[in-house]
Amino acid sequence: MIELENITKKFPGADSFSVDRISFRVNEGNICVFLGPSGCGKTTILRMINRLEEPSSGNIFVNGKNVLEVDPSGLRQSMGYVIQQIGLLPHRTIEQNVGLVPELLGWEADKTRKRVRELLEVMGLKPDEVVRKYPHQLSGGQMQRVGVARAMAADPPIMLMDEPFGAVDPIVRIRLQDEFLSLQQKFQKTICFVTHDINEAIKMGDYLIILNQGRLIQMGSPIDVLTSPADEFVLSLIGEDRGVKILDLTRCETLMEPMRETPDDLMGSGCFVQSIQPVKLALEVMMKKDSDHVAVCREEKVIGLLSWKNIKKHINRVSGEDE
Amino acid sequence: MSFDPGLFMKAMSHQAPPYILEHLNLVLIPMGIAILIALPTGIVITRPGYRHLSPRIMAVFNAGQTIPPLAVIAIFFPFLGLGYGPAILALTIYALMPIARNTITGISTVPEDIKEAARGMGMTSWQVLRRVELPLSVPAIMSGIKTSAVLTVSTAVLAALVGGKGMGAIIFAGINFFQPELILAGTIYIGAMAVFIERFIVLMEWLLSPAHLKG
Amino acid sequence: MSPFYFILNNFSLVLEYAMNHISLVLTVLVLSLSFWIFTGLIISRYDRLASAVISFSNILFCIPSISLFGLFMTMPGFGLGRKTAVVVLVLYAMMPLVRSVYLGVKSVDASVVDAGRGMGMTTSQILLKIRIPMAWPMIFAGIRVSVVLITGIATMATFIGEKNLGRLIHQGITRGNADMIIAGAIIVSLMALLLDYIMGRIQKKIVSPGLRFQPGD
């Protein structure tokens, strides 16, 4: 667990606070996303958690311990750190890069080697192909994967990630996000994740912390933020397609009308979705099948009916518009 | 060995000054000729038709810089005799190399996409050279001229060995007679010349640089 | 051309001069590397000291070598001979070496250093495991420049009593003997090229292949 208490940061020579009286808590196993425009203080907050920056005032606790009272090197070794520029050491092979923290921690060479291979595999790289290569011989996407593998090398319970997928093209980025989310299902790390991309934030975050000019504007789950944005700033950050974004986060089961049997007109039409799938997918199915309703199933069994009318009502409700 | 302030003052005020103009000639004439030769050569060598030659020419210049300055000064005099001429010829060759090297490096490191953009806007290859490649290479070329000038100011001291006079005369006299006063006086004038010439080149560089590169 | 015959006819003399020359150069090289690489690393930690040291080395470098030889020769405790030659040449090597070490260590990509810090490396681990290995290409460029420089300027030590290849050139001038001058020049150049080549081989061994693609190699 990570806890920030009334943290402020003012850089020498700056006239305003980069981070202004911020408090929040990140629960174990959660991905907490810091979201905001550049200069909002999100990276500075991240860097204060592993003491790459020192707060001007306030306290930071990691698992109950005040980070300002522990040795910074040890603290950083106990957390994974991933940055947008990746920062792989160009003079070291991929194996040596991923094995860096174990090396600092004094692991045996054999244990490190095994761990490196295991991690590269987890990150979707072929160990035999890449271990001997140098960073410049890899593609951008491969380098990002190595960057994440390096951060996870000593199996830290906490990961700090500063726009970790920011340097690759959108297609690769989406794939890396998906892979990372499925890894997170398995490893349940406590993650602080910095981004300026609302879509990435909604997708990755269990919890969002929205910042502007060093101030905390809103915090809450993605759906909370989408359905009740705190102010104009958050609204503009979310963008015009708020309704569509909401549909992406809403499960079909929350909008359906319960039902036991498949209506006759849907029999054998292929017009169905799973209850935990997003409403957006139901819309796609409706369009493809040219139908205004779909059956909602839990595994093999039909449990409800989701119609275009239900969806429209929901959008209007959350957008605060009258029907 | 003792240092005689009186002798030093006399060297500063009477013995060294007559050599100033000679020494400046030994620097400015070779520099002028070297620039006139090196710049066009560098430009020609970086044109598409000749570009494949530039690694070889750079290798020659690199090897040329391993010839000790003493040898460069000495090498012409058995054929041309003592005097100003051989010294100036030798110094010109010495001054040439850093300028040509930096001109070639400067022009060939102008990013390809900038040249591409210029051609895409319809510039002829002459216009690309005149408006893109040369302005962007000014810092590199000027730093070559600077290096060359500083080197030439101190190498010109050796001209005295082959009858080329200059401030070297008083320095070698100091060495031959064990008189640090003479060596120091000559060195101070040379240092002042180096600083003066270097400042002048920095000023020229500032005047020639594209606006965004001006500090 | 008869410089070749000159060398053959005076082989033992030329050999003696060449040996003196290379032993002077190697002495200076060993001393310079140990002093100036160390100095470069030290000043990379202290910015104000760095600018003072680098300006000082620039000034030294602008003084004609013959003046520096002459001034040291007339100082008490130095005089004619090897000690003066070594001190002056070591001072001459200061600029390229200190500068390349300093710039090499300082110009390491900030994001790489940040990643290192973020993973918990201490300042000295960052120096040893990141900054120095990444600075090698630039440091070697400086070493190679200074090797060539020292070999060439060592010829000037003949004026303060060193019996080296500079003497061939100097005597060639006084006697008007072109063969002698050219013989001296060629051997000095070959020596410089050879030392540069050896340094290049050592560089290949030391610099990580991961850095080969960078300019400055």
# chains A, B, ... in the order shown; residues from 1 in each chain; ligands from 1
call {"tool": "select_by_dssp", "arguments": {"residues": "segment 9-211 of chain B", "states": "helix (DSSP H, G or I)", "output": "PyMOL selection string"}}
result
chain B and resi 9-15+18-45+51-64+69-75+77-80+84-108+112-120+125-162+168-176+180-208+211
call {"tool": "residues_around", "arguments": {"residues": "Ile187 of chain C", "least_positions_apart": "4", "cutoff": "10 Å", "atoms": "only C-alpha atoms", "output": "ChimeraX atom specification"}}
result
/B:67 /C:7,14,18,165,182-183,191-193
call {"tool": "write_last_selection", "arguments": {"atoms": "N, CA, C and O atoms", "output": "CSV table (one decimal), in the first residue's frame"}}
result
chain,number,residue,atom,x,y,z
B,67,ILE,N,51.8,14.1,-39.2
B,67,ILE,CA,53.2,14.6,-39.5
B,67,ILE,C,53.5,15.7,-38.5
B,67,ILE,O,52.7,16.6,-38.3
C,7,ILE,N,68.3,6.2,-43.9
C,7,ILE,CA,68.0,5.4,-42.8
C,7,ILE,C,68.9,4.2,-42.7
C,7,ILE,O,69.4,3.8,-41.7
C,14,VAL,N,69.6,6.1,-36.2
C,14,VAL,CA,68.2,6.3,-36.3
C,14,VAL,C,67.4,5.4,-35.3
C,14,VAL,O,66.5,5.9,-34.7
C,18,ALA,N,64.9,6.7,-32.5
C,18,ALA,CA,63.6,6.2,-32.5
C,18,ALA,C,63.2,5.6,-31.2
C,18,ALA,O,62.1,5.8,-30.6
C,165,LEU,N,63.8,11.6,-32.6
C,165,LEU,CA,63.6,11.8,-34.0
C,165,LEU,C,63.6,13.3,-34.4
C,165,LEU,O,63.8,13.6,-35.6
C,182,ILE,N,63.1,14.3,-44.1
C,182,ILE,CA,62.0,13.4,-44.6
C,182,ILE,C,62.1,12.1,-43.8
C,182,ILE,O,61.0,11.6,-43.4
C,183,ALA,N,63.3,11.6,-43.6
C,183,ALA,CA,63.4,10.3,-42.9
C,183,ALA,C,62.8,10.5,-41.5
C,183,ALA,O,62.0,9.7,-41.0
C,191,MET,N,55.2,6.2,-36.5
C,191,MET,CA,55.1,5.9,-35.1
C,191,MET,C,53.7,6.3,-34.6
C,191,MET,O,53.0,5.6,-33.9
C,192,ALA,N,53.3,7.5,-35.0
C,192,ALA,CA,52.0,8.1,-34.6
C,192,ALA,C,50.9,7.2,-35.1
C,192,ALA,O,49.9,6.8,-34.3
C,193,LEU,N,51.0,6.8,-36.4
C,193,LEU,CA,49.9,5.9,-36.9
C,193,LEU,C,49.9,4.6,-36.3
C,193,LEU,O,48.8,4.1,-36.0
call {"tool": "residues_around", "arguments": {"residues": "Met119 of chain C", "least_positions_apart": "5", "cutoff": "8 Å", "atoms": "only C-alpha atoms", "output": "list in words"}}
result
Ser73, Arg76, Gln77, Met79, Gly80, Tyr81, Val101 and Ala151 of chain A
call {"tool": "interface_residues", "arguments": {"of": "chain B", "to": "chain C", "cutoff": "8 Å", "atoms": "only C-alpha atoms", "output": "PyMOL selection string"}}
result
chain B and resi 1+63+66-71+74-75+77-79+150-151+154-155+157+161-162+171+174-175+178-180+183-184+187+190-191+194
call {"tool": "interface_residues", "arguments": {"of": "chain A", "to": "chain C", "cutoff": "8 Å", "atoms": "only C-alpha atoms", "output": "count of residues only"}}
result
28
call {"tool": "residues_around", "arguments": {"residues": "Ser32 of chain C", "least_positions_apart": "2", "cutoff": "8 Å", "atoms": "only C-alpha atoms", "output": "ChimeraX atom specification"}}
result
/C:28-30,34-37,90,93-94,97
call {"tool": "atom_distance", "arguments": {"atom1": "atom CA of Lys289 of chain A", "atom2": "atom CA of Asp264 of chain A"}}
result
15.2 Å
call {"tool": "atom_distance", "arguments": {"atom1": "atom CA of Leu128 of chain C", "atom2": "atom CA of Asn97 of chain A"}}
result
14.9 Å
